[in-house]
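Q: Can you read through this structure? Questions will come right after.
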Amino acid sequence: MSSKTDPAPPPSRDEILAFLKTADGKITKREIARAFNVRGPDKVLLKKMLREMAEDGLIAKDAARALRPADRLPGVQVVEFAGLDDHGDVLVRPAGWKDEAAPPRIYLDERRRGRGKGPRVSAMGPGDRALARLIPIDDGGTRYRAHVLKRLESLPDDILGIFHGGSGGGRLHAIDKKNRDDYLIAEGDTGGAVEGELVLAQPVGRGRRRGSGPRMARVSERLGDVTAARSISLIAIHAHDIPHVFPDDVLNQAKAVTPPPVGARTDLRAIPLITIDPADARDHDDAIFAEADNDPGNPGGWHIIVAIADVAHYVSPGSALDCEARKRGNSCYFPDRVVPMLPEELSAGLCSLKPGEDRAAMVVHIWLDAQGHKRRHRFERAMINSHANLTYTQAQRALDGMVGEAAGPLLDSVLKPLAGAFGALMTARERRQPLDLDMPERRIELDDAGRVTAIALRERLTTHRIVEEFMILANVCAAETLEKHRMPHLYRIHEEPPMDKLETLRDFLSTLGLTLTRGAVMQPRLFNGILAQVEGSPHERLVNEVVLRSQTQAYYGADNRGHFGLALPRYSHFTSPIRRYADLIVHRGLIRALKLGKDGLIDDEMENLDDTGEHISATERRAMAAERDSTDRYLAAYLTDRVGQTFKGRISGVSRHGLFVALEPSGGDGLIPISTLGQDYYRLDETRHSLIGENYGEEFRLGDAVDVKLLEANRFTGGLRLELAGDRDLPAFISGKPNRRPRQRSAGAYDKNTKPGKRRSKARR
């Protein structure tokens with residue numbers, strides 16, 4: 001460079017590029033002129049050179065007029081959370097990155113700047129954004145370090161909504177239950193979306209202040225016609241952030257796997273194991289067999305075989321397949337599709353126990369006595385060949401004497417022995433007395449276009465219970481074996497109800513003249529005794545519902561706390577590794593404990609069992625919420641053409657906001673706002689699970705049958721709005737004026753003229 005006193009000619013292009021790559025801070029034309037001592041008329045030449053370099057794609061100018069090499073990111077810009085690298089370090093990317101190429105790798109500097117001042121950003125996660133200074137780590141502009149200058153308002157990664165076109169772009173109406181905002185779409189950001197189309201969008205720009213109008217968004221993906229029936233599950237998938245697209249490395253790894261040879265595996269292909277599944281099952285991960293025990297010392301006893309797909313052979317710890325399976329945690333099932341935990345090459349291919357095809361399996365042999373006591377069990381890795389795949393209905397019809405073509409040849413050799421072993425297991429079940437709730441399940445039936453054709457109660461057949469009891473027994477064997485070998489693993493834990501819920505339940509039962517023993521060791525059989533007392537009575541549905549609500553939610557954990565509902569001291573999930581990551585962990589634990597191969601549980605997995613259990617418990621709850629939302633939307637779509645009609649219903653929930661009513665037989669849940677119940681003040685009686693009128697004593701109680709009118713069915717949110725059918729001016733049993741003085745309104749009373757859920761002021765009590 002020239003001295004600062006003598007003018008110098010403009011620098012060359014190479015000199016300018018070298019300067020931009022090494023200089024710190026904001027660099028404009030003025031800084032370049034000063035650095036190279038360019039003065040007077042030569043500034044015009046410098047300006048021309050910089051313009052030509054920009055046109056040739058050598059340099060770029062930011063919004064703040066700062067110059068930089070075109071292959072470098074701006075020195076200061078908004079970044080967003082991009083994930084973690086293999087070492088757990090936080091990565092960020094330029095907010096709204098639109099290039100087809102992957103963004104440069106930007107590491108977040110989590111240290112505080114200065115003397116402990118400035119934002120600490122180690123907590124950045126999905127949706128978090130920050131204004132950051134980017135400092136290149138290498139000369140190629142491929143790696144940077146980001147120093148956060150200011151945390152910014154977090155924005156959702158994606159907005160699910162309906163696109164409405166307009167002049168110069170359009171508008172997006174978000175349909176997430178937690179986000180009903182409208183967003184403006186600029187003309188160049190519509191992504192080709194058309195009127196009424198379901199789209200994913202990303203917010204752009206900074207959040208606007210309240211009252212300044214909608215924020216801006218950019219369409220990132222078109223999902224199709226929002227009125228199409230199959231868009232319903234897509235809404236649930238995106239609303240709950242269900243991972244549904246497999247990365248290329250995961251798909252490539254799934255395509256490359258090969259089945260193992262029989263080798264050291266036990267060859268069980270001649271044994272007539274069969275799978276029994278729903279008619280619409282997408283995968284078959286368990287096969288069963290039973291025969292009379294030929295041991296003279298065990299008269300009337302049984303030998304049971306449960307074979308489970310050997311997923312651990314194909315999914316190695318730490319592999320791309322394994323990381324993706326852990327991230328998903330489980331498969332998600334919707335009426336029209338499944339979002340699998342594993343790619344279809346495995347879930348519906350090599351790991352699915354299809355009839356007539358050799359399959360690698362983890363097998364447990366179990367020997368029972370005539371009373372269902374387990375005498376012993378043994379695990380092994382085997383090669384099996386399923387002899388048939390029956391539906392529950394086919395197997396049940398055969399056992400009932402209506403033999404069909406598929407089940408006929410298997411009746412005497414397979415199905416009857418299965419039923420015989422089940423009889424022994426039921427004897428053991430009666431001794432154990434697990435919680436026996438009767439909660440009806442509904443099935444959504446779709447046509448080929450994905451439209452709902454019917455809502456039917458799911459049949460509860462003996463064949464369902466046969467498979468269920470075999471799976472429970474196999475899960476118990478897995479937990480016992482792992483405990484025996486002191487192998488850390490994940491338990492399926494269901495703790496007993498907490499004391500506060502038990503007290504609430506006792507108070508409720510007392511209103512029906514029922515007693516739940518206080519002071520006794522809490523066991524499921526105590527609840528079963530209550531349920532037996534109300535069986536066949538008008539209160540049966542109500543009591544089953546309230547007992548269910550008193551229970552805790554099951555979860556996965558490394559410390560055994562038993563399974564209260566099943567009345568089992570130890571329990572682990574072993575039987576569904578295709579669709580549950582917990583089961584895959586248990587398989588690996590068995591392989592390591594029993595020395596069945598080199599693909600068992602590794603040390604890192606054992607050290608992180610608590611984290612894994614917490615994570616997959618959360619993904620399970622996420623899947624349940626998505627599946628429930630999808631069902632709600634399908635039901636709302638089914639009822640759209642029935643708005644204005646009257647339905648039979650049953651009160652499924654009571655709150656200060658009003659009554660939740662399940663329509664029969666569809667099961668769709670809708671809300672009757674408290675303000676529409678009638679000309680009375682209703683208070684919530686939490687003990688009785690009811691709303692009671694202050695003046696006339698009319699009571700609406702959980703489980704009561706009611707006639708309701710459907711006012712609205714929103715297919716996008718799944719919401720139903722209802723009102724009680726008939727004249728609601730006064731309760732039906734009151735004529736004329738009330739014959740008693742209205743009672744003093746309690747603090748929990750609500751006026752029908754106030755907004756639902758709002759407590760009336762003291763002045764109006």
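By order of appearance in the structure tokens: chains A, B, ..., then residues from 1 within every chain, and ligands from 1 in the order shown.
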Identify, on the basis of only C-alpha atoms, every residue whose closest approach to Ile288 in chain A does not exceed 9 Å; exclude the query and any residue fewer than 6 positions from it along the same chain; express the result as a PyMOL selection string.
A: chain A and resi 272-276+304-308+418+467+470
Q: Check range 523-697 of chain A with DSSP on the backbone and list each residue it calls helix (DSSP H, G or I), as a PyMOL selection string.
A: chain A and resi 524-534+540-549+581-593+603-607+609-642+674-676
Q: Extract, using only C-alpha atoms, all DNA, RNA and protein residues at most 9 Å from Arg622 in chain A, discarding same-chain residues fewer than 6 positions from it, and format them as a PyMOL selection string.
A: chain A and resi 240-242
Q: Would you output that residue set with all heavy atoms, as a compact mmCIF listing (two decimals), in the first residue's frame?
A:
# COMPACT_ATOMS: atom_id res chain seq x y z
N HIS A 240 -47.44 -30.78 14.69
CA HIS A 240 -46.73 -31.35 15.84
C HIS A 240 -45.27 -31.65 15.54
O HIS A 240 -44.61 -32.35 16.32
CB HIS A 240 -47.45 -32.62 16.30
CG HIS A 240 -48.80 -32.36 16.91
ND1 HIS A 240 -48.96 -32.07 18.25
CD2 HIS A 240 -50.03 -32.30 16.36
CE1 HIS A 240 -50.25 -31.87 18.50
NE2 HIS A 240 -50.92 -32.00 17.37
N ASP A 241 -44.77 -31.14 14.43
CA ASP A 241 -43.35 -31.31 14.08
C ASP A 241 -42.94 -32.78 14.07
O ASP A 241 -41.89 -33.15 14.59
CB ASP A 241 -42.46 -30.53 15.05
CG ASP A 241 -42.67 -29.02 14.94
OD1 ASP A 241 -42.90 -28.54 13.81
OD2 ASP A 241 -42.61 -28.34 15.97
N ILE A 242 -43.77 -33.61 13.47
CA ILE A 242 -43.43 -35.03 13.34
C ILE A 242 -42.44 -35.17 12.19
O ILE A 242 -42.77 -34.84 11.04
CB ILE A 242 -44.69 -35.88 13.04
CG1 ILE A 242 -45.76 -35.68 14.13
CG2 ILE A 242 -44.31 -37.34 12.91
CD1 ILE A 242 -45.37 -36.17 15.47
Q: Excluding Asp599 in chain A and its own-chain neighbours fewer than 4 positions away, which residues fall within 7 Å of it when counting only C-alpha atoms? Please give them as a list in words.
A: Ala312, His313, Ser316 and Arg588 of chain A
Q: Given the selection you just returned, output its residues as a file containing N, CA, C and O atoms, formatted as a CSV table (one decimal), in the first residue's frame.
A:
chain,number,residue,atom,x,y,z
A,312,ALA,N,-32.3,-55.1,15.5
A,312,ALA,CA,-31.0,-54.8,15.9
A,312,ALA,C,-29.9,-55.2,14.9
A,312,ALA,O,-28.8,-54.7,14.9
A,313,HIS,N,-30.2,-56.3,14.2
A,313,HIS,CA,-29.2,-56.8,13.2
A,313,HIS,C,-29.0,-55.7,12.1
A,313,HIS,O,-27.9,-55.6,11.5
A,316,SER,N,-27.5,-50.5,13.5
A,316,SER,CA,-26.4,-50.5,14.4
A,316,SER,C,-26.4,-49.2,15.2
A,316,SER,O,-26.7,-48.1,14.7
A,588,ARG,N,-31.0,-54.7,22.1
A,588,ARG,CA,-29.6,-54.6,22.2
A,588,ARG,C,-29.1,-55.0,23.5
A,588,ARG,O,-28.0,-55.6,23.7
Q: If you run DSSP over the backbone, which residues in range 296-367 of chain A end up strand (DSSP E or B)? Put them as a PyMOL selection string.
A: chain A and resi 302-309+330+332-333+338-339+358-367
Q: Name the closest residue to Gly719 in chain A among the candidates A:Arg633, A:Lys26, A:Arg13, A:Lys150; distances are taken between atoms, counting only C-alpha atoms.
A: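 For Gly719 in chain A, the nearest of the candidates is A:Arg633.
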Q: Which residue, A:Ala281, A:Met53, A:Met439, A:Val363, has the smallest gap to Tyr392 in chain A when you use only C-alpha atoms?
A: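 Looking only at the distances to Tyr392 in chain A, the closest residue turns out to be A:Ala281.
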Q: Skip Gly57 in chain A itself and residues of its chain fewer than 2 positions away, then list as a list in words all residues within 9 Å of it, counting only C-alpha atoms.
A: Glu52, Met53, Ala54, Glu55, Ile59, Ala60, Pro69, Ala70 and Asp71 of chain A
Q: Store the residues picked out above, limited to all heavy atoms, as a JSON list (two decimals), in the first residue's frame.
A:
[["chain", "number", "residue", "atom", "x", "y", "z"],
["A", 52, "GLU", "N", -17.68, -2.80, -11.27],
["A", 52, "GLU", "CA", -17.41, -3.88, -12.23],
["A", 52, "GLU", "C", -17.14, -5.19, -11.50],
["A", 52, "GLU", "O", -17.56, -6.26, -11.97],
["A", 52, "GLU", "CB", -16.21, -3.49, -13.09],
["A", 52, "GLU", "CG", -16.49, -2.35, -14.07],
["A", 52, "GLU", "CD", -15.24, -1.89, -14.79],
["A", 52, "GLU", "OE1", -14.14, -2.30, -14.37],
["A", 52, "GLU", "OE2", -15.37, -1.13, -15.78],
["A", 53, "MET", "N", -16.45, -5.12, -10.37],
["A", 53, "MET", "CA", -16.20, -6.34, -9.59],
["A", 53, "MET", "C", -17.52, -6.94, -9.08],
["A", 53, "MET", "O", -17.69, -8.16, -9.02],
["A", 53, "MET", "CB", -15.26, -6.04, -8.43],
["A", 53, "MET", "CG", -13.84, -5.72, -8.84],
["A", 53, "MET", "SD", -12.78, -5.31, -7.42],
["A", 53, "MET", "CE", -12.65, -6.92, -6.62],
["A", 54, "ALA", "N", -18.46, -6.08, -8.69],
["A", 54, "ALA", "CA", -19.78, -6.56, -8.24],
["A", 54, "ALA", "C", -20.53, -7.20, -9.40],
["A", 54, "ALA", "O", -21.16, -8.25, -9.25],
["A", 54, "ALA", "CB", -20.58, -5.42, -7.64],
["A", 55, "GLU", "N", -20.46, -6.57, -10.59],
["A", 55, "GLU", "CA", -21.14, -7.12, -11.76],
["A", 55, "GLU", "C", -20.55, -8.45, -12.18],
["A", 55, "GLU", "O", -21.24, -9.33, -12.70],
["A", 55, "GLU", "CB", -21.07, -6.11, -12.91],
["A", 55, "GLU", "CG", -21.89, -4.85, -12.66],
["A", 55, "GLU", "CD", -21.65, -3.79, -13.74],
["A", 55, "GLU", "OE1", -20.72, -4.00, -14.56],
["A", 55, "GLU", "OE2", -22.37, -2.78, -13.75],
["A", 59, "ILE", "N", -17.42, -9.41, -5.73],
["A", 59, "ILE", "CA", -17.74, -8.84, -4.43],
["A", 59, "ILE", "C", -19.24, -8.63, -4.34],
["A", 59, "ILE", "O", -19.95, -8.67, -5.35],
["A", 59, "ILE", "CB", -16.99, -7.51, -4.18],
["A", 59, "ILE", "CG1", -17.42, -6.46, -5.21],
["A", 59, "ILE", "CG2", -15.48, -7.72, -4.18],
["A", 59, "ILE", "CD1", -16.84, -5.08, -4.95],
["A", 60, "ALA", "N", -19.70, -8.40, -3.11],
["A", 60, "ALA", "CA", -21.13, -8.16, -2.88],
["A", 60, "ALA", "C", -21.27, -7.03, -1.88],
["A", 60, "ALA", "O", -20.36, -6.75, -1.10],
["A", 60, "ALA", "CB", -21.81, -9.42, -2.37],
["A", 69, "PRO", "N", -16.18, -10.10, -0.06],
["A", 69, "PRO", "CA", -16.05, -11.06, -1.17],
["A", 69, "PRO", "C", -17.37, -11.78, -1.38],
["A", 69, "PRO", "O", -18.08, -12.10, -0.42],
["A", 69, "PRO", "CB", -14.95, -12.02, -0.69],
["A", 69, "PRO", "CG", -14.17, -11.23, 0.30],
["A", 69, "PRO", "CD", -15.17, -10.34, 0.98],
["A", 70, "ALA", "N", -17.70, -12.04, -2.63],
["A", 70, "ALA", "CA", -19.01, -12.64, -2.93],
["A", 70, "ALA", "C", -19.18, -14.00, -2.29],
["A", 70, "ALA", "O", -20.31, -14.45, -2.07],
["A", 70, "ALA", "CB", -19.22, -12.72, -4.44],
["A", 71, "ASP", "N", -18.06, -14.70, -2.03],
["A", 71, "ASP", "CA", -18.17, -16.03, -1.43],
["A", 71, "ASP", "C", -18.16, -15.99, 0.09],
["A", 71, "ASP", "O", -18.04, -17.01, 0.74],
["A", 71, "ASP", "CB", -17.05, -16.95, -1.94],
["A", 71, "ASP", "CG", -15.66, -16.41, -1.61],
["A", 71, "ASP", "OD1", -15.57, -15.29, -1.08],
["A", 71, "ASP", "OD2", -14.68, -17.12, -1.91]]
Q: Nearest to His615 in chain A: which of A:Ala309, A:Gly565, A:Thr190, A:Tyr555 is it, counting only C-alpha atoms?
A: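 Between A:Ala309, A:Gly565, A:Thr190, A:Tyr555, the residue approaching His615 in chain A most closely is A:Tyr555.
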Q: What's the 10 Å shell around Leu594 in chain A, counting only C-alpha atoms, without same-chain residues fewer than 4 positions away, as a VMD selection string?
A: chain A and resid 379 to 380 481 to 482 485 487 588 to 590 600
Q: Residues of range 367-445 of chain A within 12 Å of range 343-354 of chain A: nearest atom pair and distance (Å, one decimal) for each, counting only C-alpha atoms, sorted by chain and number, as CSV?
A:
residue,atom,partner,partner_atom,distance
A:Met383,CA,A:Leu353,CA,10.7
A:Ile384,CA,A:Leu353,CA,8.5
A:Asn385,CA,A:Leu353,CA,7.6
A:Ser386,CA,A:Lys354,CA,6.3
A:His387,CA,A:Lys354,CA,8.7
A:Ala388,CA,A:Lys354,CA,8.0
A:Asn389,CA,A:Lys354,CA,7.3
A:Leu390,CA,A:Lys354,CA,10.9
Q: Point out the residue among A:Ala146, A:Met499, A:Val92, A:Ala421 with the least atom-to-atom distance to Ala292 in chain A, counting only C-alpha atoms.
A: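 Of A:Ala146, A:Met499, A:Val92, A:Ala421, the one nearest Ala292 in chain A, counting only C-alpha atoms, is A:Ala421.
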Q: As a PyMOL selection string, please: the residues near Asp14 in chain A (cut-off 12 Å, only C-alpha atoms, same-chain neighbours under 4 positions excluded).
A: chain A and resi 10+18-21+49-50+53+58-59+69
Q: Tell me, counting only C-alpha atoms, for each residue of range 422-468 of chain A within 9 Å of range 527-544 of chain A, which pair of atoms is nearest and how far apart they are in Å to one decimal, in rows ordered by chain and increasing number, as JSON lines.
A:
{"residue": "A:Gln433", "atom": "CA", "partner": "A:Asn528", "partner_atom": "CA", "distance": 7.8}
{"residue": "A:Pro434", "atom": "CA", "partner": "A:Asn528", "partner_atom": "CA", "distance": 8.2}
{"residue": "A:Leu435", "atom": "CA", "partner": "A:Asn528", "partner_atom": "CA", "distance": 6.3}
{"residue": "A:Asp436", "atom": "CA", "partner": "A:Asn528", "partner_atom": "CA", "distance": 6.2}
{"residue": "A:Leu437", "atom": "CA", "partner": "A:Asn544", "partner_atom": "CA", "distance": 6.1}
{"residue": "A:Asp438", "atom": "CA", "partner": "A:Asn544", "partner_atom": "CA", "distance": 6.6}
{"residue": "A:Met439", "atom": "CA", "partner": "A:Asn544", "partner_atom": "CA", "distance": 7.2}
Q: If you measure from CA of Arg492 in chain A to CA of Val338 in chain A, what distance in Å do you get, rounded to one decimal?
A: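 Between CA of Arg492 in chain A and CA of Val338 in chain A the gap works out to 23.4 Å.
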